[in-house]
Each structure stands twice: as structure tokens, then as C-alpha cells.
Amino acid sequence: MGRSRRTLPEELLLLALDPTTGTTAQPQSLDLGLAGAQLVELALAGRIAPDGDRIAVVVPRPTGDPTLDCALELLRRRGAPVRAVHWIGGPRLGLRQTYLSHLERCGMVHAVAGQMCGVLPTTRYQATDTAISREIRSRLDSAIRTGVPPDPRTAALAALAHAVGLGKHLYPGNEGRSSRSRLRDLIRHDPMGGLVAHAVMDVQNGVAAQPRRNPAPAPAGRQATAGSRPVPEPARGVPSQPRHGTMARVPAH
């Protein structure tokens with residue numbers, strides 16, 4: 001994959017970046033959104049495809065993007081399709097910082113050093129080319145305003161923006177209520193984006209972490225009758241919830 005086009009994780013991060021404070025909106029759910037955006041980007045590149053509520057690798061060939069290729073390789077190593085909610089709910093330590101550092105290397109943002117509480121060193125990121133952020137935002141605004149079905153990339157971006165809660169950041173207050181509603185409705189225009197967005201919201205709601213309950217054992221001598229519900233399989237390989245840190249960089253002692 002060439003670098004002439006910004007990836008969905010990069011666009012989602014630029015949308016979330018506050019131009020005034022240099023911080024990211026919805027920092028806790030944003031990490032989930034970035035993991036989901038990687039899946040959509042890999043699907044757009046033809047490397048993975050939805051299989052029900054699971055994600056299957058269909059072409060393991062690298063894309064040329066190191067961060068995406070790392071995710072692709074991890075999916076490939078699973079061997080079997082993995083549930084999107086389990087993948088997104090897995091540990092994603094450092095993913096946001098990885099993309100912020102990449103945007104800095106590309107010249108899209110620049111780091112501004114500071115301090116938290118006058119003690120802890122922090123780094124904030126200011127956009128260096130606001131035209132890029134405006135172009136991304138205008139695509140969402142156009143899709144919301146015109147009602148014309150957007151292209152898959154914009155539809156997926158809208159779905160992810162809604163899923164991580166960026167609607168109230170992009171369209172605040174009572175005057176933005178109808179825009180937030182239409183942003184949510186755009187989720188239906190891209191199947192992969194919709195699958196991933198729902199998985200992001202499920203993880204936030206704790207669906208991925210809920211254990212499956214086995215039914216009480218039948219009394220001795222009783223056979224399962226036709227039409228009875230089968231005993232569900234135990235949950236397999238549910239990863240722990242990610243730990244979301246701040247953007248503060250604390251020097252090692």
C-alpha cells in the first residue's frame with residue numbers, strides 16, 4: 001500500500017485531535033477505534049474480510065504499512081477467523097502513540113512539550129496542516145448534509161467516529177443533535193465499518209467480557225429433547241480489556 005493516501009486510523013486520530021488543546025477527544029475509547037480502523041483499512045486493501053461476526057484473513061500479503069502489517073500478521077497467526085469484538089477488546093498498548101509519532105514524522109502534527117501539575121512531563125500534538133483535518137471533516141459534513149451514500153472509506157470513518165463518541169466533539173450541543181443522529185445513521189453504508197463499529201461499542205459496554213453461562217445440568221436419566229438449546233461452547237481466548245494511559249511521558253527511574 002502506498003503512502004499517498006492516509007489510512008483510516010490516521011484520519012480517525014486527526015478527527016479526534018483538538019486543534020486548541022493538542023489533546024485527543026475520547027482518549028479511552030479512541031484506542032478501541034484505532035484497532036477497529038486498522039481492520040477496516042485491511043479490508044479495504046483486500047487482506048481480510050468479514051465472516052459473520054468474525055474476521056478472516058484472505059490475502060496474507062503485506063500492505064507495506066508496518067503498523068497495519070503487524071496487525072495482519074497477528075490475525076494470520078490466529079489460524080482461524082477471530083471475532084471482531086475479541087480482537088478489538090485485546091490489549092492495544094501504545095497504539096495511539098504509535099500513530100501520533102507517525103503523523104509527526106509525516107509532518108502532519110508537531111509535538112509540544114509541557115508539564116502536568118507542574119511536575120510530570122507531557123507531550124501534546126498540534127496539527128501543522130489544518131487543511132488536512134478540514135478535508136477529512138468536510139467529507140463527513142458532506143455525507144451528513146446531502147444524505148448521499150458516501151464512499152466506503154468515509155462511511156467507515158463515520159461509523160468509527162460515532163462508535164468512539166466523537167459525535168459530541170464534532171457536532172456539540174443541541175444544535176448538533178441532528179448531525180450526530182445522521183452520523184450514527186451512516187453506519188449502515190459499509191458492512192465492514194458497521195461490523196467493526198458495533199464491536200467497538202460492544203467492548204465499551206462490556207459485551208466481550210461477559211462470561212457465557214452454562215445451563216443447569218439435566219437430572220439423571222433425562223435425555224435432551226429435540227429442539228432443546230445445545231450447551232454453548234465456553235468462551236475461547238477472550239483477551240483482557242486494554243489499559244488506557246494518558247499521553248504523559250514519565251521518565252524511567
# chains A, B, ... in the order shown; residues from 1 in each chain; ligands from 1
>>> residues_around(residues="range 45-47 of chain A", least_positions_apart="4", cutoff="12 Å", atoms="only C-alpha atoms", output="PyMOL selection string")
chain A and resi 1-2+5+7-8+38-41+55-65+68-69+71-73+75-76+152-153+192
>>> select_by_dssp(residues="range 53-190 of chain A", states="strand (DSSP E)", output="list of chain:residue names")
A:Arg54, A:Ile55, A:Ala56, A:Val57, A:Val82, A:Arg83, A:Val109, A:His110, A:Ala111, A:Val112, A:Ala113, A:Gly114, A:Gln115, A:Met116, A:Leu120, A:Pro121, A:Thr122, A:Thr123, A:Arg124, A:Tyr125, A:Gln126, A:Ala127
>>> residues_around(residues="range 177-191 of chain A", least_positions_apart="3", cutoff="10 Å", atoms="only C-alpha atoms", output="number ranges by chain")
A: 40, 50, 140-141, 143-145, 147-163, 165-174, 194-198
>>> write_last_selection(atoms="N, CA and C atoms", output="short mmCIF file (atom, residue, chain, number, x, y, z; two decimals), in the first residue's frame")
data_model
loop_
_atom_site.label_atom_id
_atom_site.label_comp_id
_atom_site.auth_asym_id
_atom_site.auth_seq_id
_atom_site.Cartn_x
_atom_site.Cartn_y
_atom_site.Cartn_z
N VAL A 40 -10.69 -2.16 9.27
CA VAL A 40 -11.37 -1.65 8.09
C VAL A 40 -10.36 -1.35 6.98
N PRO A 50 -15.01 -9.87 6.33
CA PRO A 50 -15.89 -10.33 7.41
C PRO A 50 -16.40 -11.73 7.14
N LEU A 140 -17.18 14.15 6.08
CA LEU A 140 -18.26 13.76 6.98
C LEU A 140 -19.43 14.74 6.87
N ASP A 141 -19.10 16.04 6.88
CA ASP A 141 -20.15 17.05 6.79
C ASP A 141 -20.98 16.88 5.51
N ALA A 143 -21.44 14.13 3.73
CA ALA A 143 -22.27 12.92 3.81
C ALA A 143 -23.48 13.16 4.69
N ILE A 144 -23.30 13.92 5.77
CA ILE A 144 -24.40 14.21 6.69
C ILE A 144 -25.39 15.18 6.05
N ARG A 145 -24.87 16.20 5.38
CA ARG A 145 -25.71 17.26 4.86
C ARG A 145 -26.51 16.83 3.63
N GLY A 147 -27.03 13.59 2.45
CA GLY A 147 -27.76 12.34 2.53
C GLY A 147 -27.39 11.36 1.44
N VAL A 148 -26.45 11.73 0.57
CA VAL A 148 -25.98 10.83 -0.48
C VAL A 148 -25.10 9.76 0.14
N PRO A 149 -25.32 8.48 -0.17
CA PRO A 149 -24.48 7.43 0.40
C PRO A 149 -23.00 7.71 0.13
N PRO A 150 -22.18 7.75 1.17
CA PRO A 150 -20.76 8.07 0.97
C PRO A 150 -19.99 6.87 0.46
N ASP A 151 -18.75 7.12 0.06
CA ASP A 151 -17.88 6.02 -0.34
C ASP A 151 -17.57 5.18 0.89
N PRO A 152 -17.13 3.92 0.70
CA PRO A 152 -16.90 3.03 1.84
C PRO A 152 -15.94 3.59 2.88
N ARG A 153 -14.90 4.30 2.44
CA ARG A 153 -13.92 4.84 3.39
C ARG A 153 -14.56 5.89 4.30
N THR A 154 -15.33 6.79 3.72
CA THR A 154 -15.98 7.83 4.51
C THR A 154 -17.06 7.23 5.40
N ALA A 155 -17.80 6.25 4.88
CA ALA A 155 -18.84 5.60 5.68
C ALA A 155 -18.23 4.91 6.89
N ALA A 156 -17.10 4.23 6.68
CA ALA A 156 -16.43 3.55 7.79
C ALA A 156 -15.89 4.56 8.80
N LEU A 157 -15.35 5.67 8.32
CA LEU A 157 -14.85 6.71 9.22
C LEU A 157 -15.99 7.27 10.06
N ALA A 158 -17.15 7.50 9.44
CA ALA A 158 -18.31 7.99 10.17
C ALA A 158 -18.75 6.97 11.23
N ALA A 159 -18.77 5.69 10.85
CA ALA A 159 -19.18 4.65 11.79
C ALA A 159 -18.24 4.60 13.00
N LEU A 160 -16.95 4.70 12.75
CA LEU A 160 -15.97 4.65 13.83
C LEU A 160 -16.04 5.92 14.69
N ALA A 161 -16.24 7.07 14.05
CA ALA A 161 -16.37 8.32 14.81
C ALA A 161 -17.56 8.24 15.75
N HIS A 162 -18.66 7.69 15.27
CA HIS A 162 -19.83 7.51 16.14
C HIS A 162 -19.53 6.51 17.26
N ALA A 163 -18.89 5.41 16.90
CA ALA A 163 -18.66 4.35 17.88
C ALA A 163 -17.80 4.79 19.05
N GLY A 165 -17.56 7.86 20.13
CA GLY A 165 -18.14 9.01 20.81
C GLY A 165 -17.66 10.36 20.34
N LEU A 166 -17.13 10.44 19.10
CA LEU A 166 -16.64 11.71 18.60
C LEU A 166 -17.77 12.63 18.11
N GLY A 167 -18.98 12.10 18.04
CA GLY A 167 -20.09 12.92 17.56
C GLY A 167 -20.26 14.18 18.38
N LYS A 168 -20.19 14.06 19.69
CA LYS A 168 -20.39 15.23 20.55
C LYS A 168 -19.19 16.18 20.51
N HIS A 169 -18.04 15.68 20.03
CA HIS A 169 -16.86 16.53 19.84
C HIS A 169 -16.95 17.26 18.51
N LEU A 170 -17.43 16.58 17.48
CA LEU A 170 -17.52 17.18 16.15
C LEU A 170 -18.76 18.05 16.00
N TYR A 171 -19.87 17.64 16.61
CA TYR A 171 -21.13 18.35 16.48
C TYR A 171 -21.73 18.56 17.87
N PRO A 172 -21.20 19.50 18.62
CA PRO A 172 -21.60 19.65 20.02
C PRO A 172 -22.94 20.34 20.20
N GLY A 173 -23.48 20.20 21.41
CA GLY A 173 -24.66 20.96 21.81
C GLY A 173 -25.95 20.50 21.17
N ASN A 174 -27.01 21.21 21.53
CA ASN A 174 -28.33 20.89 20.96
C ASN A 174 -28.38 21.12 19.46
N GLY A 194 -19.55 -1.10 9.69
CA GLY A 194 -20.62 -1.35 10.65
C GLY A 194 -20.28 -2.46 11.62
N LEU A 195 -19.72 -3.55 11.11
CA LEU A 195 -19.32 -4.67 11.96
C LEU A 195 -18.32 -4.21 13.01
N VAL A 196 -17.31 -3.48 12.57
CA VAL A 196 -16.26 -3.04 13.47
C VAL A 196 -16.79 -2.01 14.47
N ALA A 197 -17.61 -1.08 13.99
CA ALA A 197 -18.17 -0.06 14.89
C ALA A 197 -19.02 -0.70 15.98
N HIS A 198 -19.84 -1.66 15.62
CA HIS A 198 -20.65 -2.35 16.63
C HIS A 198 -19.76 -3.11 17.61
#
>>> closest_residue(among="A:Glu135, A:Glu104, A:Asp31, A:Asp51", to="Arg92 in chain A", atoms="only C-alpha atoms")
A:Asp31
>>> residues_around(residues="Thr21 in chain A", least_positions_apart="6", cutoff="10 Å", atoms="only C-alpha atoms", output="compact mmCIF listing (two decimals) with all heavy atoms, in the first residue's frame")
# COMPACT_ATOMS: atom_id res chain seq x y z
N ARG A 124 1.95 17.22 23.97
CA ARG A 124 0.72 17.47 23.24
C ARG A 124 1.06 17.60 21.75
O ARG A 124 2.20 17.86 21.40
CB ARG A 124 0.03 18.73 23.76
CG ARG A 124 -0.34 18.65 25.23
CD ARG A 124 -0.96 19.96 25.72
NE ARG A 124 -1.20 19.91 27.15
CZ ARG A 124 -2.31 19.42 27.69
NH1 ARG A 124 -3.27 18.96 26.91
NH2 ARG A 124 -2.47 19.39 29.00
N TYR A 125 0.06 17.39 20.92
CA TYR A 125 0.30 17.38 19.48
C TYR A 125 -0.62 18.38 18.79
O TYR A 125 -1.84 18.32 18.93
CB TYR A 125 0.07 15.97 18.92
CG TYR A 125 1.11 14.98 19.40
CD1 TYR A 125 0.95 14.32 20.62
CD2 TYR A 125 2.27 14.74 18.66
CE1 TYR A 125 1.92 13.44 21.07
CE2 TYR A 125 3.23 13.86 19.11
CZ TYR A 125 3.05 13.21 20.31
OH TYR A 125 4.01 12.33 20.77
N GLN A 126 -0.01 19.29 18.06
CA GLN A 126 -0.74 20.30 17.32
C GLN A 126 -0.67 19.98 15.82
O GLN A 126 0.39 19.62 15.32
CB GLN A 126 -0.14 21.70 17.57
CG GLN A 126 -0.18 22.14 19.02
CD GLN A 126 -1.57 22.54 19.47
OE1 GLN A 126 -2.48 22.68 18.67
NE2 GLN A 126 -1.75 22.73 20.77
>>> residues_around(residues="Arg134 in chain A", least_positions_apart="4", cutoff="10 Å", atoms="only C-alpha atoms", output="ChimeraX atom specification")
/A:14-15,129-130,138-139
>>> write_last_selection(atoms="N, CA and C atoms", output="PDB file, in the first residue's frame")
ATOM      1  N   LEU A  14      -6.728  12.182  13.556  1.00  0.00           N
ATOM      2  CA  LEU A  14      -6.747  13.609  13.232  1.00  0.00           C
ATOM      3  C   LEU A  14      -8.106  14.227  13.544  1.00  0.00           C
ATOM      4  N   LEU A  15      -9.176  13.465  13.348  1.00  0.00           N
ATOM      5  CA  LEU A  15     -10.509  13.954  13.706  1.00  0.00           C
ATOM      6  C   LEU A  15     -10.622  14.191  15.205  1.00  0.00           C
ATOM      7  N   ASP A 129      -0.875  21.091   9.519  1.00  0.00           N
ATOM      8  CA  ASP A 129      -1.580  21.395   8.274  1.00  0.00           C
ATOM      9  C   ASP A 129      -3.068  21.220   8.533  1.00  0.00           C
ATOM     10  N   THR A 130      -3.726  22.290   8.949  1.00  0.00           N
ATOM     11  CA  THR A 130      -5.140  22.183   9.293  1.00  0.00           C
ATOM     12  C   THR A 130      -6.002  21.894   8.070  1.00  0.00           C
ATOM     13  N   SER A 138     -14.766  17.759   6.186  1.00  0.00           N
ATOM     14  CA  SER A 138     -15.721  18.151   5.138  1.00  0.00           C
ATOM     15  C   SER A 138     -16.364  16.921   4.500  1.00  0.00           C
ATOM     16  N   ARG A 139     -15.638  15.798   4.433  1.00  0.00           N
ATOM     17  CA  ARG A 139     -16.224  14.574   3.883  1.00  0.00           C
ATOM     18  C   ARG A 139     -17.380  14.090   4.750  1.00  0.00           C
TER      19      ARG A 139
END
>>> residues_around(residues="Gln204 in chain A", least_positions_apart="5", cutoff="9 Å", atoms="only C-alpha atoms", output="PyMOL selection string")
chain A and resi 29+32+89+164+199
>>> write_last_selection(atoms="C-alpha atoms", output="CSV table (one decimal), in the first residue's frame")
chain,number,residue,atom,x,y,z
A,29,SER,CA,-12.5,4.7,23.5
A,32,LEU,CA,-10.5,0.8,20.5
A,89,GLY,CA,-11.0,-5.8,23.0
A,164,VAL,CA,-15.9,6.1,19.9
A,199,ALA,CA,-17.7,-4.4,18.0
>>> atom_distance(atom1="CA of Leu30 in chain A", atom2="CA of Arg96 in chain A")
7.9 Å
>>> atom_distance(atom1="CA of Thr67 in chain A", atom2="CA of Asp202 in chain A")
24.2 Å
>>> closest_residue(among="A:Ala16, A:Val207, A:Val200, A:Leu44", to="Ile88 in chain A", atoms="only C-alpha atoms")
A:Val200
>>> atom_distance(atom1="CA of Leu100 in chain A", atom2="CA of Pro9 in chain A")
10.2 Å
>>> select_by_dssp(residues="range 5-116 of chain A", states="alpha helix (DSSP H)", output="JSON, numbers by chain")
{"A": [8, 9, 10, 11, 12, 13, 14, 15, 16, 27, 28, 29, 30, 31, 32, 33, 34, 35, 36, 37, 38, 39, 40, 41, 42, 43, 44, 66, 67, 68, 69, 70, 71, 72, 73, 74, 75, 76, 77, 78, 84, 85, 86, 87, 88, 95, 96, 97, 98, 99, 100, 101, 102, 103, 104, 105]}
